[in-house]
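Text of coords38.csv, listed as CSV, C-alpha atoms:
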```
chain,number,residue,atom,x,y,z
A,1,MET,CA,-30.9,-14.5,-5.2
A,2,THR,CA,-28.4,-16.9,-6.8
A,3,ARG,CA,-25.4,-18.2,-4.9
A,4,GLN,CA,-23.1,-16.1,-7.1
A,5,GLN,CA,-25.0,-13.0,-6.4
A,6,ALA,CA,-24.9,-13.7,-2.7
A,7,ALA,CA,-21.2,-14.4,-2.9
A,8,ASP,CA,-20.6,-11.1,-4.7
A,9,ALA,CA,-22.7,-9.2,-2.1
A,10,ILE,CA,-20.9,-10.8,0.8
A,11,ASP,CA,-17.5,-10.0,-0.8
A,12,ALA,CA,-18.5,-6.3,-1.2
A,13,VAL,CA,-19.9,-6.1,2.4
A,14,TRP,CA,-16.8,-7.8,3.8
A,15,ARG,CA,-14.4,-5.3,2.2
A,16,ILE,CA,-16.4,-2.4,3.6
A,17,GLU,CA,-17.2,-3.7,7.1
A,18,SER,CA,-14.4,-6.2,8.0
A,19,ALA,CA,-11.8,-3.6,9.2
A,20,ARG,CA,-14.3,-1.8,11.5
A,21,LEU,CA,-15.6,-5.1,12.8
A,22,ILE,CA,-12.1,-6.5,13.6
A,23,ALA,CA,-11.0,-3.2,15.1
A,24,GLY,CA,-14.0,-3.1,17.5
A,25,LEU,CA,-13.6,-6.7,18.5
A,26,ALA,CA,-9.8,-6.3,19.0
A,27,ARG,CA,-10.4,-3.5,21.5
A,28,ILE,CA,-12.7,-5.7,23.5
A,29,VAL,CA,-10.6,-8.9,23.4
A,30,GLY,CA,-7.2,-7.3,23.2
A,31,ASP,CA,-5.9,-9.6,20.5
A,32,ILE,CA,-6.2,-9.0,16.8
A,33,GLY,CA,-5.8,-12.8,16.1
A,34,VAL,CA,-8.8,-13.6,18.2
A,35,ALA,CA,-10.7,-10.7,16.8
A,36,GLU,CA,-10.1,-11.8,13.2
A,37,ASP,CA,-11.2,-15.3,14.1
A,38,LEU,CA,-14.5,-14.0,15.4
A,39,ALA,CA,-15.0,-11.9,12.4
A,40,GLN,CA,-14.2,-14.8,10.1
A,41,ASP,CA,-16.7,-17.0,11.9
A,42,ALA,CA,-19.3,-14.3,11.2
A,43,LEU,CA,-18.3,-14.3,7.5
A,44,VAL,CA,-18.7,-18.1,7.3
A,45,ALA,CA,-22.2,-17.8,8.8
A,46,ALA,CA,-23.0,-15.2,6.1
A,47,LEU,CA,-21.8,-17.5,3.4
A,48,GLU,CA,-24.0,-20.3,4.7
A,49,GLN,CA,-27.2,-18.3,5.3
A,50,TRP,CA,-27.4,-15.3,2.9
A,51,PRO,CA,-27.7,-17.4,-0.3
A,52,GLU,CA,-31.0,-18.8,1.3
A,53,SER,CA,-32.2,-15.8,3.3
A,54,GLY,CA,-31.0,-13.0,1.2
A,55,VAL,CA,-28.7,-10.1,2.2
A,56,PRO,CA,-30.0,-8.4,5.3
A,57,ASP,CA,-31.0,-4.7,5.2
A,58,ASN,CA,-28.0,-3.8,7.5
A,59,PRO,CA,-25.4,-6.4,6.7
A,60,GLY,CA,-22.7,-4.8,8.8
A,61,ALA,CA,-24.9,-5.0,11.9
A,62,TRP,CA,-25.7,-8.7,11.0
A,63,LEU,CA,-22.0,-9.6,10.9
A,64,LYS,CA,-21.4,-7.7,14.2
A,65,HIS,CA,-24.2,-9.6,16.0
A,66,ARG,CA,-23.0,-12.9,14.7
A,67,ALA,CA,-19.5,-12.1,15.9
A,68,ILE,CA,-21.0,-11.3,19.3
A,69,ASP,CA,-22.9,-14.6,19.4
A,70,GLN,CA,-19.6,-16.4,18.7
A,71,LEU,CA,-17.9,-14.4,21.5
A,72,ARG,CA,-20.6,-15.5,23.9
A,73,ARG,CA,-20.2,-19.1,23.0
A,74,GLN,CA,-16.5,-19.0,23.4
A,75,LYS,CA,-16.9,-17.3,26.8
A,76,MET,CA,-19.1,-20.2,27.9
A,77,GLN,CA,-16.6,-22.8,26.8
A,78,GLY,CA,-14.6,-22.1,29.9
A,79,LYS,CA,-10.9,-22.6,30.2
A,80,LYS,CA,-10.3,-22.7,26.4
A,81,HIS,CA,-11.3,-19.1,26.2
A,82,GLU,CA,-10.9,-18.1,29.8
A,83,HIS,CA,-9.0,-14.9,28.9
A,84,LEU,CA,-12.0,-13.7,26.9
A,85,GLY,CA,-14.3,-14.1,29.9
A,86,ARG,CA,-12.0,-12.2,32.2
A,87,GLU,CA,-11.6,-9.4,29.6
A,88,LEU,CA,-15.4,-9.0,29.2
A,89,GLU,CA,-15.9,-9.0,33.0
A,90,GLU,CA,-13.2,-6.4,33.5
A,91,ARG,CA,-14.8,-4.2,30.8
A,92,GLN,CA,-18.3,-4.9,32.2
A,93,VAL,CA,-19.8,-5.5,28.7
A,94,SER,CA,-21.7,-8.7,29.6
A,95,PRO,CA,-25.1,-7.6,28.3
A,96,GLU,CA,-25.4,-8.2,24.6
A,97,SER,CA,-26.6,-4.6,23.9
A,98,ALA,CA,-23.6,-3.2,25.8
A,99,LEU,CA,-21.2,-5.5,23.9
A,100,ALA,CA,-22.7,-4.4,20.6
A,101,ALA,CA,-22.4,-0.8,21.6
A,102,ALA,CA,-18.8,-1.3,22.7
A,103,ILE,CA,-17.9,-2.5,19.2
A,104,ASP,CA,-19.4,0.7,17.7
A,105,ASP,CA,-17.8,3.1,20.2
A,106,HIS,CA,-14.8,5.0,19.0
A,107,VAL,CA,-14.7,3.5,15.5
A,108,GLY,CA,-12.0,6.0,14.3
A,109,ASP,CA,-9.7,5.3,17.3
A,110,ASP,CA,-10.2,1.5,16.8
A,111,LEU,CA,-9.3,1.6,13.1
A,112,LEU,CA,-6.3,3.8,13.9
A,113,SER,CA,-5.2,1.3,16.6
A,114,LEU,CA,-5.6,-1.6,14.1
A,115,ILE,CA,-3.5,0.2,11.5
A,116,PHE,CA,-0.7,0.8,14.0
A,117,THR,CA,-0.9,-2.7,15.4
A,118,ALA,CA,-0.8,-4.4,12.0
A,119,CYS,CA,2.2,-2.2,11.0
A,120,HIS,CA,4.1,-2.6,14.2
A,121,PRO,CA,7.9,-2.6,13.8
A,122,VAL,CA,8.3,-5.8,15.7
A,123,LEU,CA,7.0,-7.5,12.5
A,124,THR,CA,9.0,-8.0,9.3
A,125,THR,CA,8.1,-5.8,6.4
A,126,GLU,CA,6.6,-8.7,4.5
A,127,ALA,CA,4.5,-9.6,7.5
A,128,ARG,CA,3.3,-6.0,8.0
A,129,VAL,CA,2.2,-5.8,4.3
A,130,ALA,CA,0.3,-9.2,4.4
A,131,LEU,CA,-1.4,-8.5,7.8
A,132,THR,CA,-2.4,-4.9,6.7
A,133,LEU,CA,-4.0,-6.2,3.5
A,134,ARG,CA,-5.7,-8.9,5.3
A,135,LEU,CA,-7.1,-6.9,8.3
A,136,LEU,CA,-7.6,-3.5,6.8
A,137,GLY,CA,-7.9,-4.2,3.1
A,138,GLY,CA,-10.3,-7.1,3.5
A,139,LEU,CA,-8.3,-9.2,1.0
A,140,THR,CA,-8.3,-13.0,1.2
A,141,THR,CA,-5.1,-15.0,1.5
A,142,ASP,CA,-5.5,-16.0,-2.1
A,143,GLU,CA,-5.8,-12.4,-3.3
A,144,ILE,CA,-2.7,-11.3,-1.4
A,145,ALA,CA,-0.7,-14.3,-2.7
A,146,ARG,CA,-1.7,-13.5,-6.3
A,147,ALA,CA,-1.0,-9.8,-5.9
A,148,PHE,CA,2.6,-10.5,-4.7
A,149,LEU,CA,3.2,-13.6,-6.9
A,150,VAL,CA,4.0,-15.8,-3.9
A,151,PRO,CA,2.5,-19.2,-2.9
A,152,LYS,CA,-0.7,-19.0,-0.8
A,153,ALA,CA,1.1,-21.0,1.9
A,154,THR,CA,3.8,-18.4,2.2
A,155,ILE,CA,1.2,-15.7,2.9
A,156,GLN,CA,-0.7,-17.9,5.4
A,157,GLN,CA,2.6,-18.4,7.3
A,158,ARG,CA,3.4,-14.7,7.3
A,159,ILE,CA,0.0,-13.9,8.7
A,160,VAL,CA,0.0,-16.6,11.3
A,161,ARG,CA,3.5,-15.7,12.5
A,162,ALA,CA,2.6,-12.0,12.6
A,163,LYS,CA,-0.3,-12.7,14.9
A,164,ARG,CA,1.8,-14.9,17.1
A,165,THR,CA,4.6,-12.3,17.2
A,166,LEU,CA,2.2,-9.5,18.2
A,167,ALA,CA,0.7,-11.7,21.0
A,168,ALA,CA,4.1,-12.9,22.3
A,169,ALA,CA,5.4,-9.3,22.3
A,170,ARG,CA,2.3,-8.2,24.1
A,171,VAL,CA,1.8,-5.3,21.7
A,172,PRO,CA,-1.0,-3.2,23.1
A,173,PHE,CA,-4.0,-2.4,20.8
A,174,GLU,CA,-3.7,1.3,21.0
A,175,VAL,CA,-2.5,4.4,19.1
A,176,PRO,CA,1.1,5.3,20.2
A,177,ARG,CA,1.6,8.6,21.9
A,178,GLY,CA,4.4,11.2,22.2
A,179,ALA,CA,7.8,10.4,20.7
A,180,GLU,CA,6.8,6.9,19.7
A,181,LEU,CA,4.1,8.1,17.4
A,182,ALA,CA,6.5,9.5,14.8
A,183,GLN,CA,8.5,6.3,14.5
A,184,ARG,CA,5.4,4.1,14.4
A,185,LEU,CA,3.7,6.4,11.8
A,186,GLU,CA,6.8,6.0,9.6
A,187,SER,CA,6.3,2.2,9.6
A,188,VAL,CA,2.6,2.6,8.7
A,189,LEU,CA,3.3,5.0,5.8
A,190,GLU,CA,6.1,2.6,4.6
A,191,VAL,CA,3.7,-0.3,4.4
A,192,ILE,CA,1.0,1.6,2.6
A,193,TYR,CA,3.5,3.0,0.0
A,194,LEU,CA,5.0,-0.5,-0.5
A,195,ILE,CA,1.6,-1.8,-1.4
A,196,PHE,CA,1.0,1.1,-3.8
A,197,ASN,CA,4.3,0.7,-5.5
A,198,GLU,CA,3.8,-3.0,-6.1
A,199,GLY,CA,0.6,-2.1,-7.9
A,200,TYR,CA,2.1,0.9,-9.7
A,201,SER,CA,5.2,-0.8,-11.0
A,202,ALA,CA,5.1,-4.6,-10.4
A,203,THR,CA,8.5,-6.0,-9.5
A,204,ALA,CA,7.8,-9.4,-11.1
A,205,GLY,CA,5.3,-11.3,-13.2
A,206,GLU,CA,3.7,-10.5,-16.5
A,207,ALA,CA,1.6,-7.4,-15.6
A,208,TRP,CA,3.3,-3.9,-15.7
A,209,VAL,CA,0.7,-2.5,-13.3
A,210,ARG,CA,-1.8,-4.0,-10.9
A,211,PRO,CA,-4.4,-1.3,-10.4
A,212,ALA,CA,-6.2,-3.2,-7.6
A,213,LEU,CA,-3.2,-2.9,-5.3
A,214,CYS,CA,-3.0,0.8,-6.0
A,215,GLU,CA,-6.7,1.1,-5.1
A,216,ASP,CA,-6.2,-0.8,-1.9
A,217,ALA,CA,-3.3,1.4,-0.9
A,218,LEU,CA,-5.2,4.6,-1.8
A,219,ARG,CA,-8.1,3.5,0.3
A,220,LEU,CA,-5.9,2.8,3.3
A,221,GLY,CA,-4.1,6.2,2.8
A,222,ARG,CA,-7.4,8.1,2.7
A,223,ILE,CA,-8.7,6.3,5.8
A,224,LEU,CA,-5.5,7.2,7.6
A,225,ALA,CA,-5.8,10.9,6.5
A,226,GLU,CA,-9.3,11.1,7.9
A,227,LEU,CA,-8.1,9.5,11.2
A,228,ALA,CA,-4.9,11.5,11.5
A,229,PRO,CA,-5.7,14.9,9.9
A,230,ALA,CA,-3.0,16.8,11.7
A,231,GLU,CA,-0.1,14.7,10.3
A,232,ALA,CA,1.5,16.4,7.3
A,233,GLU,CA,3.3,13.3,6.0
A,234,VAL,CA,0.0,11.3,5.9
A,235,HIS,CA,-1.4,14.0,3.5
A,236,GLY,CA,1.9,14.0,1.6
A,237,LEU,CA,1.7,10.2,1.0
A,238,VAL,CA,-1.9,10.5,-0.1
A,239,ALA,CA,-1.0,13.3,-2.5
A,240,LEU,CA,1.8,11.2,-3.9
A,241,MET,CA,-0.4,8.2,-4.5
A,242,GLU,CA,-3.3,10.2,-5.9
A,243,ILE,CA,-1.1,11.9,-8.5
A,244,GLN,CA,0.8,8.7,-9.4
A,245,ALA,CA,-2.5,6.7,-9.6
A,246,SER,CA,-3.8,9.3,-12.1
A,247,ARG,CA,-1.4,7.9,-14.7
A,248,VAL,CA,-2.2,4.2,-14.3
A,249,ARG,CA,-4.4,4.0,-17.4
A,250,ALA,CA,-1.9,5.9,-19.5
A,251,ARG,CA,1.0,3.6,-18.3
A,252,VAL,CA,-0.2,0.6,-20.3
A,253,GLY,CA,-0.8,0.3,-24.1
A,254,PRO,CA,-3.6,-1.8,-25.7
A,255,GLY,CA,-1.5,-4.9,-25.6
A,256,GLY,CA,-0.4,-4.4,-22.0
A,257,GLU,CA,2.9,-3.0,-23.0
A,258,PRO,CA,4.5,-0.3,-20.7
A,259,ILE,CA,4.4,3.3,-21.7
A,260,LEU,CA,6.9,5.5,-19.9
A,261,LEU,CA,6.1,8.9,-18.4
A,262,LEU,CA,7.3,11.1,-21.2
A,263,ASP,CA,5.6,9.0,-23.9
A,264,GLN,CA,2.2,8.9,-22.2
A,265,ASP,CA,-1.0,10.5,-23.6
A,266,ARG,CA,-1.7,13.0,-20.9
A,267,GLY,CA,-5.3,13.3,-22.0
A,268,ARG,CA,-5.7,9.8,-20.5
A,269,TRP,CA,-4.5,10.9,-17.1
A,270,ASP,CA,-7.3,11.0,-14.5
A,271,HIS,CA,-7.6,14.7,-13.7
A,272,LEU,CA,-10.0,14.1,-10.8
A,273,LEU,CA,-7.2,12.2,-9.0
A,274,ILE,CA,-4.7,14.9,-9.9
A,275,ARG,CA,-7.0,17.5,-8.3
A,276,ARG,CA,-7.4,15.3,-5.2
A,277,GLY,CA,-3.6,14.9,-5.1
A,278,LEU,CA,-2.9,18.6,-5.4
A,279,GLY,CA,-5.4,19.3,-2.7
A,280,ALA,CA,-3.8,16.7,-0.4
A,281,LEU,CA,-0.4,18.3,-1.1
A,282,GLU,CA,-1.8,21.7,-0.2
A,283,ARG,CA,-3.0,20.3,3.1
A,284,ALA,CA,0.4,18.9,3.8
A,285,GLU,CA,2.0,22.2,3.1
A,286,THR,CA,-0.6,24.1,5.1
A,287,LEU,CA,0.2,22.1,8.2
A,288,GLY,CA,3.6,23.8,8.1
A,289,GLY,CA,7.1,22.6,9.1
A,290,ALA,CA,9.8,21.2,6.8
A,291,TYR,CA,8.7,18.9,4.0
A,292,GLY,CA,8.9,15.2,4.8
A,293,PRO,CA,10.0,12.6,2.3
A,294,TYR,CA,6.5,11.8,1.1
A,295,THR,CA,5.6,15.4,0.7
A,296,LEU,CA,8.8,16.1,-1.2
A,297,GLN,CA,8.0,13.2,-3.6
A,298,ALA,CA,4.4,14.4,-3.9
A,299,ALA,CA,5.8,17.8,-4.9
A,300,ILE,CA,8.0,16.1,-7.6
A,301,ALA,CA,4.9,14.2,-8.9
A,302,ALA,CA,3.0,17.5,-8.9
A,303,CYS,CA,5.6,19.0,-11.3
A,304,HIS,CA,4.7,16.3,-13.8
A,305,ALA,CA,1.0,16.6,-13.2
A,306,ARG,CA,1.0,20.4,-13.8
A,307,ALA,CA,2.9,20.1,-17.1
A,308,ARG,CA,0.5,19.9,-20.1
A,309,THR,CA,3.3,18.5,-22.3
A,310,PRO,CA,6.6,16.8,-21.4
A,311,GLU,CA,8.5,19.9,-22.6
A,312,GLU,CA,6.7,22.1,-20.0
A,313,THR,CA,8.0,20.0,-17.1
A,314,ASP,CA,10.0,22.1,-14.6
A,315,TRP,CA,13.0,19.8,-14.4
A,316,THR,CA,15.0,22.5,-12.6
A,317,ARG,CA,12.5,22.5,-9.7
A,318,ILE,CA,12.5,18.7,-9.7
A,319,VAL,CA,16.3,18.6,-9.3
A,320,ALA,CA,16.0,21.0,-6.4
A,321,LEU,CA,13.3,18.8,-4.8
A,322,TYR,CA,15.5,15.8,-5.3
A,323,ASP,CA,18.4,17.7,-3.6
A,324,GLY,CA,16.1,18.2,-0.6
A,325,LEU,CA,15.0,14.6,-0.6
A,326,ALA,CA,18.7,13.4,-0.8
A,327,GLN,CA,19.6,15.4,2.2
A,328,LEU,CA,16.5,14.2,4.2
A,329,LEU,CA,16.6,10.6,3.0
A,330,PRO,CA,20.1,9.8,1.6
A,331,SER,CA,20.0,6.7,-0.5
A,332,PRO,CA,21.4,5.4,-3.8
A,333,VAL,CA,17.9,5.1,-5.3
A,334,VAL,CA,17.2,8.7,-4.6
A,335,GLU,CA,20.5,9.6,-6.2
A,336,LEU,CA,19.6,7.6,-9.3
A,337,ASN,CA,16.3,9.4,-9.6
A,338,ARG,CA,18.1,12.7,-9.1
A,339,ALA,CA,20.5,11.8,-11.9
A,340,VAL,CA,17.6,11.3,-14.3
A,341,ALA,CA,16.3,14.8,-13.4
A,342,LEU,CA,19.8,16.3,-13.8
A,343,GLY,CA,20.0,14.7,-17.2
A,344,MET,CA,16.7,16.3,-18.3
A,345,ALA,CA,17.5,19.7,-16.8
A,346,PHE,CA,21.2,20.1,-17.6
A,347,GLY,CA,22.0,17.5,-20.2
A,348,PRO,CA,22.8,13.7,-20.3
A,349,ALA,CA,26.5,14.3,-19.3
A,350,ALA,CA,25.4,15.8,-16.0
A,351,GLY,CA,23.2,12.9,-15.2
A,352,LEU,CA,25.7,10.3,-16.3
A,353,GLU,CA,28.3,11.7,-14.0
A,354,VAL,CA,26.1,11.0,-11.0
A,355,VAL,CA,25.1,7.5,-12.3
A,356,ASP,CA,28.8,6.5,-12.8
A,357,SER,CA,29.4,7.3,-9.2
A,358,LEU,CA,26.7,4.8,-8.2
A,359,THR,CA,28.0,1.8,-10.3
A,360,THR,CA,30.1,0.5,-7.4
A,361,ASP,CA,27.4,1.0,-4.7
A,362,PRO,CA,26.7,-2.6,-3.4
A,363,ALA,CA,23.1,-1.5,-2.7
A,364,LEU,CA,22.4,-1.2,-6.4
A,365,ALA,CA,24.4,-4.3,-7.5
A,366,GLY,CA,21.3,-6.2,-8.8
A,367,TYR,CA,19.1,-3.2,-9.3
A,368,HIS,CA,17.9,-3.2,-13.0
A,369,LEU,CA,17.1,0.5,-13.1
A,370,LEU,CA,20.8,1.4,-12.7
A,371,PRO,CA,21.9,0.0,-16.1
A,372,SER,CA,18.6,1.0,-17.6
A,373,VAL,CA,19.1,4.7,-16.7
A,374,ARG,CA,22.8,4.5,-17.6
A,375,GLY,CA,21.9,3.0,-21.0
A,376,ASP,CA,19.4,5.8,-21.7
A,377,LEU,CA,22.0,8.5,-20.9
A,378,LEU,CA,24.7,6.9,-22.9
A,379,ALA,CA,22.3,6.6,-25.9
A,380,LYS,CA,21.6,10.4,-25.7
A,381,LEU,CA,25.3,11.0,-25.8
A,382,GLY,CA,25.7,8.9,-28.9
A,383,ARG,CA,27.6,6.1,-27.2
A,384,PHE,CA,25.4,3.4,-28.7
A,385,GLU,CA,27.5,0.3,-28.2
A,386,GLU,CA,27.9,1.0,-24.4
A,387,ALA,CA,24.2,1.8,-24.2
A,388,ARG,CA,23.2,-1.5,-25.8
A,389,ALA,CA,25.3,-3.4,-23.3
A,390,GLU,CA,23.7,-1.6,-20.4
A,391,LEU,CA,20.1,-2.1,-21.6
A,392,ALA,CA,20.9,-5.8,-22.2
A,393,ARG,CA,22.1,-6.1,-18.6
A,394,ALA,CA,19.0,-4.3,-17.3
A,395,ALA,CA,16.8,-6.7,-19.2
A,396,GLU,CA,18.6,-9.7,-17.6
A,397,LEU,CA,18.1,-8.2,-14.1
A,398,THR,CA,14.4,-7.3,-14.2
A,399,GLU,CA,11.9,-9.9,-13.1
A,400,ASN,CA,9.0,-8.2,-14.8
A,401,VAL,CA,8.2,-9.7,-18.2
A,402,ARG,CA,6.7,-6.5,-19.6
A,403,GLU,CA,9.6,-4.4,-18.5
A,404,ARG,CA,12.1,-6.9,-20.0
A,405,GLU,CA,10.3,-6.7,-23.3
A,406,LEU,CA,10.5,-2.9,-23.2
A,407,LEU,CA,14.2,-2.9,-22.4
A,408,ILE,CA,14.9,-5.4,-25.2
A,409,LYS,CA,12.9,-3.2,-27.6
A,410,LYS,CA,14.9,-0.1,-26.6
A,411,ARG,CA,18.1,-1.9,-27.1
A,412,GLU,CA,17.1,-3.1,-30.6
A,413,ALA,CA,16.1,0.4,-31.5
A,414,LEU,CA,19.7,1.5,-31.0
```

Let's see the structure in the file written out as structure tokens.
Amino acid sequence: MTRQQAADAIDAVWRIESARLIAGLARIVGDIGVAEDLAQDALVAALEQWPESGVPDNPGAWLKHRAIDQLRRQKMQGKKHEHLGRELEERQVSPESALAAAIDDHVGDDLLSLIFTACHPVLTTEARVALTLRLLGGLTTDEIARAFLVPKATIQQRIVRAKRTLAAARVPFEVPRGAELAQRLESVLEVIYLIFNEGYSATAGEAWVRPALCEDALRLGRILAELAPAEAEVHGLVALMEIQASRVRARVGPGGEPILLLDQDRGRWDHLLIRRGLGALERAETLGGAYGPYTLQAAIAACHARARTPEETDWTRIVALYDGLAQLLPSPVVELNRAVALGMAFGPAAGLEVVDSLTTDPALAGYHLLPSVRGDLLAKLGRFEEARAELARAAELTENVRERELLIKKREAL
């Protein structure tokens, strides 16, 4: 086996096994920072040994036992890791076989605890995203930095500070119960959808989409759906991401240029993902109760997925769903999306009326999609000079190179 083959194998194993390994260790030591350090030590050992010895038959078990060895050594170092020794004694997991079994016990609960800990509200949104991708996505600091177009040092600082914050706040490694569960679950879903959206519609850089981030978010969403099968909004989020991900290939042209929804070749949509998404939406609906925000957005996405052509889209239903979303989650961005649907269902004048009411909203002051939508509606009404000015402003505001090119092209076409 060449070094490159070994490195590729280690990378694949790490992405599969790291979250479970870190989660099991975190339950034993009570600190995700210490748990990740132990797991990383096992990874370093694999990088050193596997190119010579080959990948073991059970690489996950190999990593687990290496982490246990490291834990033993740290326990023997005395005061430096005194807390580890006390923790192990309290849990009575001194024998190595018992410690190995302890890591394997309750894997589902451990993963769920890791998700809730990484997404704890005590952390900033940026820290939650970075820590979740690191601990649960198995991404390196370099990969996270490249995905979000920020310096590697920035991501390193976010992760280090996040671990310190969790330790200082004595955040317990557990699944929240009762009334706290709903609030904490909202934080988890927000993080996963933020990761997905950055992949689906990149806010900056030269790429219009970053499929790898969409895949990371989908994987996290599917894991969460398996671990929390009774939570309707979890299935709602998975449905939303599956359906939106089905369009990723069709969103980009041969040269990387953006292709908007109504211009896409629907034959290029991934119909397996659509079926999975509609199935997840049905599960969310079956669980009963009022639609949550993710389930409502999934229902909107389903309207597009079910339409064989743009003309078959049920825009009236989409408007009704946006009405419900606006009541449940009032925000200027939701109103802007509702205005687009109104313009498609009842004519551009109806949409423009709503958009004009948003132009003074400070929350949308630098939001490029506001002048972009307004420009499209003005163009449909034949007010081309005003439309060109709005599209030019939108092009100035966006930080995504591909989106800027699209807006300039639309302006020139007028």

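Nearest to Val13 in chain A of all the residues A:Pro59, A:Gly277, A:Pro229, A:Pro176 is A:Pro59, counting only C-alpha atoms.
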
Best match for closeness to Lys64 in chain A among A:Ile144, A:Leu287, A:Ile32, A:Ile22, counting all atoms listed in the file: A:Ile22

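If you look at CA of Arg338 in chain A and CA of Gly366 in chain A, they are 19.2 Å away from each other.
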
All file atoms of range 235-238 of chain A boxed axis-aligned, 5 Å per side, centre plus edges, as lines of an AutoDock Vina configuration file:
```
center_x = 0.0
center_y = 12.1
center_z = 1.7
size_x = 13.8
size_y = 13.8
size_z = 13.6
```

CA of Arg128 in chain A to CA of Ala61 in chain A, distance in Å rounded to a single decimal: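 Computing the Euclidean distance for CA of Arg128 in chain A and CA of Ala61 in chain A yields 28.5 Å.
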
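Comparing A:Ala153, A:Tyr291, A:Arg308, A:Ala280 by their smallest distance to Arg268 in chain A, the closest is A:Arg308 (using all atoms listed in the file).
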
Closest of A:Glu233, A:Asp142, A:Val355, A:Ala326 to Glu282 in chain A - atom-to-atom distances counting only C-alpha atoms: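 Using only C-alpha atoms, the shortest distance to Glu282 in chain A belongs to A:Glu233.
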
Among listed residues A:Ala12, A:Val373, A:Cys119, A:Val248, nearest Glu215 in chain A (using only C-alpha atoms):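 Once distances to Glu215 in chain A are computed over only C-alpha atoms, the minimum belongs to A:Val248.
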
Two-atom distance - CA of Trp208 in chain A, CA of Pro254 in chain A (Å):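 Between CA of Trp208 in chain A and CA of Pro254 in chain A the gap works out to 12.3 Å.
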
For Gly60 in chain A, the nearest of the candidates A:Ile16, A:Ala341, A:Leu224, A:Ala145, counting all atoms listed in the file: A:Ile16

Spatial neighbours of Pro348 in chain A, 10 Å, all atoms listed in the file, chain gap at least 5 places, as a ChimeraX atom specification: /A:339-343,353,374,376-381

Ref. answer, residues at most 9 Å from (18.7, -1.9, -27.0) with all atoms listed in the file, as a VMD selection string: chain A and resid 375 384 387 to 392 407 to 414

Could you make a table, as a tab-separated table, of the residues of range 199-235 of chain A that have an atom within 12 Å of an atom of range 179-188 of chain A, each with its nearest atom pair and distance in Å to one decimal, counting all atoms listed in the file, in chain and number order?
```
residue	atom	partner	partner_atom	distance
A:Ala217	CA	A:Val188	CA	11.3
A:Leu220	CA	A:Val188	CA	10.1
A:Gly221	CA	A:Val188	CA	9.6
A:Leu224	CA	A:Val188	CA	9.4
A:Ala225	CA	A:Leu185	CA	11.8
A:Ala228	CA	A:Leu185	CA	10.0
A:Glu231	CA	A:Leu185	CA	9.3
A:Ala232	CA	A:Leu185	CA	11.2
A:Glu233	CA	A:Glu186	CA	8.9
A:Val234	CA	A:Leu185	CA	8.5
```

Output for the residues just chosen: C-alpha atoms as a PDB file, keeping the file's coordinate frame:
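part_6.pdb was written with the following content:
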```pdb
ATOM      1  CA  ALA A 217      -3.300   1.400  -0.900  1.00  0.00           C
ATOM      2  CA  LEU A 220      -5.900   2.800   3.300  1.00  0.00           C
ATOM      3  CA  GLY A 221      -4.100   6.200   2.800  1.00  0.00           C
ATOM      4  CA  LEU A 224      -5.500   7.200   7.600  1.00  0.00           C
ATOM      5  CA  ALA A 225      -5.800  10.900   6.500  1.00  0.00           C
ATOM      6  CA  ALA A 228      -4.900  11.500  11.500  1.00  0.00           C
ATOM      7  CA  GLU A 231      -0.100  14.700  10.300  1.00  0.00           C
ATOM      8  CA  ALA A 232       1.500  16.400   7.300  1.00  0.00           C
ATOM      9  CA  GLU A 233       3.300  13.300   6.000  1.00  0.00           C
ATOM     10  CA  VAL A 234       0.000  11.300   5.900  1.00  0.00           C
TER      11      VAL A 234
END
```

All residues 7 Å or closer to Ala19 in chain A, all atoms listed in the file, same chain fewer than 2 positions away omitted, as a PyMOL selection string: chain A and resi 17+21-23+111+135-136+138

Within 12 Å of Gly54 in chain A using all atoms listed in the file, minus same-chain residues under 5 positions, as a list in words: Met1, Thr2, Arg3, Gln4, Gln5, Ala6, Ala7, Ala9, Ile10, Ala46, Leu47, Glu48, Gln49, Pro59 and Trp62 of chain A

Contacts of Arg20 in chain A within 12 Å, only C-alpha atoms, excl. fewer than 5 positions in-chain, as a PyMOL selection string: chain A and resi 13-15+25-27+35-36+39+60-61+63-64+103-115+135-138+223

Selection near Tyr193 in chain A, 12 Å with all atoms listed in the file, sequence-local residues under 6 positions removed, as a ChimeraX atom specification: /A:125,129,132,186-187,199-201,213-221,233-234,236-242,244-245,293-294,297
